[in-house]
Amino acid sequence: RSFATKRSYVWKHADYQRQFLRRMFEENQYDMPKDWRKISTYKLRKFGGRQLLYHYPNTKVAFCTLFPEWKDSIETDAIRVYPREFWDDKANHRLFLDRLRSDMQLDTVESMVTVPLYKIRDAGGAIMLKQYENYLALLKEVYPSN
C-alpha cells in the first residue's frame, strides 16, 4: 500500500512517520537533513503525508521531533527573523536578496524574477516586501543596473 492509502491510525506511530519522511527524501533526491526546508506542507500532501500534518503544527516541528539528531542543524537553518529596523537600511535588502539568490543557487540577478514571493516570505523577507509597490519595484531598487 502507498503512504497515501494507509489507514490514519498508522500515522500515530513515530516510526512510520520517520519511514515516510525518509522515503520522501529518497524519492525526491534530497539530502537529509540539509534539504529539510524543501519539504513544504504542499509537497507533504502531494506525496501522501496529509495525515502527518495532523500531528505537528509545521514541518520544522515534525523534523525536530522525529529526528532529534537533526535539531541543532534545523534550528540553525530555520526561518530567519529580522528585527523591523533591519529593513530600514536599504543595504540590508541587497544583503538579504544576495543571500537568498546564493541559497537558491541562482546564477544571475535576472533569475531573481522567477523567485516566488512565498520563498522570500519564508526566508524572513515579508516586512521588506511590504516596503515596495511590487516585487519588480524591489528588484529595480536593489539591482538598479540590471
# chains A, B, ... in the order shown; residues from 1 in each chain; ligands from 1

$ residues_around --residues "Val115 in chain A" --least-positions-apart "5" --cutoff "9 Å" --atoms "only C-alpha atoms" --output "MDAnalysis selection string"
chainID A and resid 101 104 120

$ write_last_selection --atoms "all heavy atoms" --output "PDB file, in the first residue's frame"
ATOM      1  N   ARG A 101      19.542  34.472  -3.166  1.00  0.00           N
ATOM      2  CA  ARG A 101      19.973  34.038  -4.506  1.00  0.00           C
ATOM      3  C   ARG A 101      21.038  32.938  -4.386  1.00  0.00           C
ATOM      4  O   ARG A 101      20.997  31.940  -5.090  1.00  0.00           O
ATOM      5  CB  ARG A 101      20.521  35.230  -5.294  1.00  0.00           C
ATOM      6  CG  ARG A 101      20.827  34.908  -6.738  1.00  0.00           C
ATOM      7  CD  ARG A 101      20.981  36.166  -7.567  1.00  0.00           C
ATOM      8  NE  ARG A 101      22.033  37.050  -7.120  1.00  0.00           N
ATOM      9  CZ  ARG A 101      23.243  37.108  -7.668  1.00  0.00           C
ATOM     10  NH1 ARG A 101      23.552  36.346  -8.691  1.00  0.00           N
ATOM     11  NH2 ARG A 101      24.142  37.947  -7.213  1.00  0.00           N
ATOM     12  N   MET A 104      19.463  29.683  -3.156  1.00  0.00           N
ATOM     13  CA  MET A 104      18.650  29.049  -4.196  1.00  0.00           C
ATOM     14  C   MET A 104      19.489  28.649  -5.412  1.00  0.00           C
ATOM     15  O   MET A 104      18.962  28.120  -6.381  1.00  0.00           O
ATOM     16  CB  MET A 104      17.511  29.979  -4.618  1.00  0.00           C
ATOM     17  CG  MET A 104      16.514  30.219  -3.497  1.00  0.00           C
ATOM     18  SD  MET A 104      15.165  31.282  -4.020  1.00  0.00           S
ATOM     19  CE  MET A 104      14.313  30.181  -5.151  1.00  0.00           C
ATOM     20  N   ILE A 120      10.486  34.321  -0.539  1.00  0.00           N
ATOM     21  CA  ILE A 120      11.049  35.494   0.137  1.00  0.00           C
ATOM     22  C   ILE A 120      10.444  35.620   1.531  1.00  0.00           C
ATOM     23  O   ILE A 120      11.160  35.859   2.507  1.00  0.00           O
ATOM     24  CB  ILE A 120      10.806  36.761  -0.703  1.00  0.00           C
ATOM     25  CG1 ILE A 120      11.577  36.640  -2.020  1.00  0.00           C
ATOM     26  CG2 ILE A 120      11.213  38.015   0.057  1.00  0.00           C
ATOM     27  CD1 ILE A 120      11.233  37.691  -3.040  1.00  0.00           C
TER      28      ILE A 120
END

$ residues_around --residues "Ala14 in chain A" --least-positions-apart "3" --cutoff "7 Å" --atoms "only C-alpha atoms" --output "NGL selection string"
:A and (17-18 or 66)

$ write_last_selection --atoms "all heavy atoms" --output "mmCIF file, in the first residue's frame"
data_model
loop_
_atom_site.group_PDB
_atom_site.id
_atom_site.type_symbol
_atom_site.label_atom_id
_atom_site.label_comp_id
_atom_site.auth_asym_id
_atom_site.auth_seq_id
_atom_site.Cartn_x
_atom_site.Cartn_y
_atom_site.Cartn_z
ATOM 1 N N GLN A 17 6.108 7.573 10.710
ATOM 2 C CA GLN A 17 6.312 8.955 10.240
ATOM 3 C C GLN A 17 7.746 9.149 9.743
ATOM 4 O O GLN A 17 7.964 9.750 8.688
ATOM 5 C CB GLN A 17 5.979 9.940 11.360
ATOM 6 C CG GLN A 17 4.528 9.923 11.764
ATOM 7 C CD GLN A 17 4.267 10.707 13.039
ATOM 8 O OE1 GLN A 17 5.176 11.297 13.637
ATOM 9 N NE2 GLN A 17 3.020 10.724 13.476
ATOM 10 N N ARG A 18 8.721 8.637 10.501
ATOM 11 C CA ARG A 18 10.123 8.723 10.079
ATOM 12 C C ARG A 18 10.347 7.983 8.766
ATOM 13 O O ARG A 18 11.025 8.474 7.864
ATOM 14 C CB ARG A 18 11.049 8.163 11.167
ATOM 15 C CG ARG A 18 11.375 9.140 12.269
ATOM 16 C CD ARG A 18 12.480 8.611 13.174
ATOM 17 N NE ARG A 18 12.032 7.499 13.989
ATOM 18 C CZ ARG A 18 11.406 7.618 15.156
ATOM 19 N NH1 ARG A 18 11.171 8.807 15.652
ATOM 20 N NH2 ARG A 18 11.040 6.558 15.833
ATOM 21 N N LEU A 66 10.792 14.192 15.143
ATOM 22 C CA LEU A 66 11.048 12.851 14.614
ATOM 23 C C LEU A 66 12.529 12.534 14.445
ATOM 24 O O LEU A 66 12.928 11.376 14.470
ATOM 25 C CB LEU A 66 10.325 12.667 13.273
ATOM 26 C CG LEU A 66 8.808 12.692 13.367
ATOM 27 C CD1 LEU A 66 8.177 12.753 11.992
ATOM 28 C CD2 LEU A 66 8.308 11.471 14.145
#

$ closest_atom_pairs --of "range 50-113 of chain A" --to "range 21-38 of chain A" --cutoff "10 Å" --atoms "only C-alpha atoms" --output "tab-separated table"
residue	atom	partner	partner_atom	distance
A:Leu52	CA	A:Leu21	CA	9.6
A:Thr59	CA	A:Arg37	CA	8.1
A:Lys60	CA	A:Arg37	CA	7.9
A:Ala62	CA	A:Leu21	CA	9.7
A:Phe63	CA	A:Trp36	CA	7.7
A:Leu66	CA	A:Leu21	CA	9.3
A:Phe67	CA	A:Pro33	CA	9.0
A:Glu69	CA	A:Pro33	CA	9.5
A:Trp70	CA	A:Pro33	CA	6.4
A:Lys71	CA	A:Pro33	CA	9.3
A:Ser73	CA	A:Pro33	CA	7.5
A:Ile74	CA	A:Pro33	CA	7.5
A:Asp77	CA	A:Arg37	CA	8.6
A:Ala78	CA	A:Arg37	CA	8.1
A:Ile79	CA	A:Arg37	CA	9.1

$ write_last_selection --atoms "N, CA and C atoms" --output "mmCIF file, in the first residue's frame"
data_model
loop_
_atom_site.group_PDB
_atom_site.id
_atom_site.type_symbol
_atom_site.label_atom_id
_atom_site.label_comp_id
_atom_site.auth_asym_id
_atom_site.auth_seq_id
_atom_site.Cartn_x
_atom_site.Cartn_y
_atom_site.Cartn_z
ATOM 1 N N LEU A 52 0.235 13.243 8.372
ATOM 2 C CA LEU A 52 1.363 13.671 9.200
ATOM 3 C C LEU A 52 1.126 15.073 9.746
ATOM 4 N N THR A 59 6.293 21.712 9.409
ATOM 5 C CA THR A 59 7.325 20.732 9.064
ATOM 6 C C THR A 59 8.546 20.830 9.975
ATOM 7 N N LYS A 60 8.882 22.043 10.407
ATOM 8 C CA LYS A 60 10.045 22.202 11.288
ATOM 9 C C LYS A 60 9.849 21.410 12.583
ATOM 10 N N ALA A 62 7.851 18.897 13.047
ATOM 11 C CA ALA A 62 7.848 17.468 12.708
ATOM 12 C C ALA A 62 9.272 16.929 12.614
ATOM 13 N N PHE A 63 10.132 17.631 11.880
ATOM 14 C CA PHE A 63 11.511 17.160 11.716
ATOM 15 C C PHE A 63 12.270 17.160 13.037
ATOM 16 N N LEU A 66 10.792 14.192 15.143
ATOM 17 C CA LEU A 66 11.048 12.851 14.614
ATOM 18 C C LEU A 66 12.529 12.534 14.445
ATOM 19 N N PHE A 67 13.327 13.569 14.253
ATOM 20 C CA PHE A 67 14.764 13.382 14.075
ATOM 21 C C PHE A 67 15.507 14.316 15.035
ATOM 22 N N GLU A 69 18.245 14.165 16.345
ATOM 23 C CA GLU A 69 19.662 14.328 15.999
ATOM 24 C C GLU A 69 19.866 15.445 14.976
ATOM 25 N N TRP A 70 18.824 15.882 14.313
ATOM 26 C CA TRP A 70 18.901 16.976 13.339
ATOM 27 C C TRP A 70 18.593 18.330 13.958
ATOM 28 N N LYS A 71 18.071 18.326 15.180
ATOM 29 C CA LYS A 71 17.515 19.554 15.762
ATOM 30 C C LYS A 71 18.463 20.740 15.682
ATOM 31 N N SER A 73 20.949 21.327 13.658
ATOM 32 C CA SER A 73 21.104 21.724 12.261
ATOM 33 C C SER A 73 19.868 22.469 11.763
ATOM 34 N N ILE A 74 18.700 21.958 12.114
ATOM 35 C CA ILE A 74 17.445 22.585 11.683
ATOM 36 C C ILE A 74 17.263 23.939 12.355
ATOM 37 N N ASP A 77 19.344 26.546 10.723
ATOM 38 C CA ASP A 77 18.905 26.876 9.375
ATOM 39 C C ASP A 77 17.468 27.386 9.324
ATOM 40 N N ALA A 78 16.779 27.394 10.433
ATOM 41 C CA ALA A 78 15.358 27.750 10.447
ATOM 42 C C ALA A 78 15.128 29.153 9.912
ATOM 43 N N ILE A 79 13.877 29.405 9.625
ATOM 44 C CA ILE A 79 13.496 30.707 9.070
ATOM 45 C C ILE A 79 14.094 31.818 9.917
#

$ select_by_dssp --residues "range 12-136 of chain A" --states "helix (DSSP H, G or I)" --output "VMD selection string"
chain A and resid 12 14 to 27 36 to 38 41 to 46 50 to 54 59 to 66 68 to 77 84 to 88 90 to 103 110 to 114 117 to 122 126 to 130 135 to 136

$ residues_around --residues "range 131-133 of chain A" --least-positions-apart "3" --cutoff "12 Å" --atoms "only C-alpha atoms" --output "ChimeraX atom specification"
/A:84,87-90,93,125-128,136-142

$ write_last_selection --atoms "C-alpha atoms" --output "PDB file, in the first residue's frame"
ATOM      1  CA  ARG A  84      11.831  45.574  11.875  1.00  0.00           C
ATOM      2  CA  TRP A  87      14.706  46.659   6.891  1.00  0.00           C
ATOM      3  CA  ASP A  88      15.131  50.436   7.364  1.00  0.00           C
ATOM      4  CA  ASP A  89      18.577  50.165   5.793  1.00  0.00           C
ATOM      5  CA  LYS A  90      18.224  49.538   2.037  1.00  0.00           C
ATOM      6  CA  HIS A  93      17.654  44.450   1.217  1.00  0.00           C
ATOM      7  CA  GLY A 125      11.646  38.994   3.996  1.00  0.00           C
ATOM      8  CA  ALA A 126       7.925  39.721   4.450  1.00  0.00           C
ATOM      9  CA  ILE A 127       8.485  43.151   6.013  1.00  0.00           C
ATOM     10  CA  MET A 128      10.870  44.097   3.226  1.00  0.00           C
ATOM     11  CA  LEU A 136       9.663  44.187  -9.605  1.00  0.00           C
ATOM     12  CA  ALA A 137       9.951  47.567  -7.874  1.00  0.00           C
ATOM     13  CA  LEU A 138      12.013  45.883  -5.151  1.00  0.00           C
ATOM     14  CA  LEU A 139      14.332  44.282  -7.698  1.00  0.00           C
ATOM     15  CA  LYS A 140      14.782  47.567  -9.602  1.00  0.00           C
ATOM     16  CA  GLU A 141      15.653  49.384  -6.383  1.00  0.00           C
ATOM     17  CA  VAL A 142      18.082  46.735  -5.132  1.00  0.00           C
TER      18      VAL A 142
END
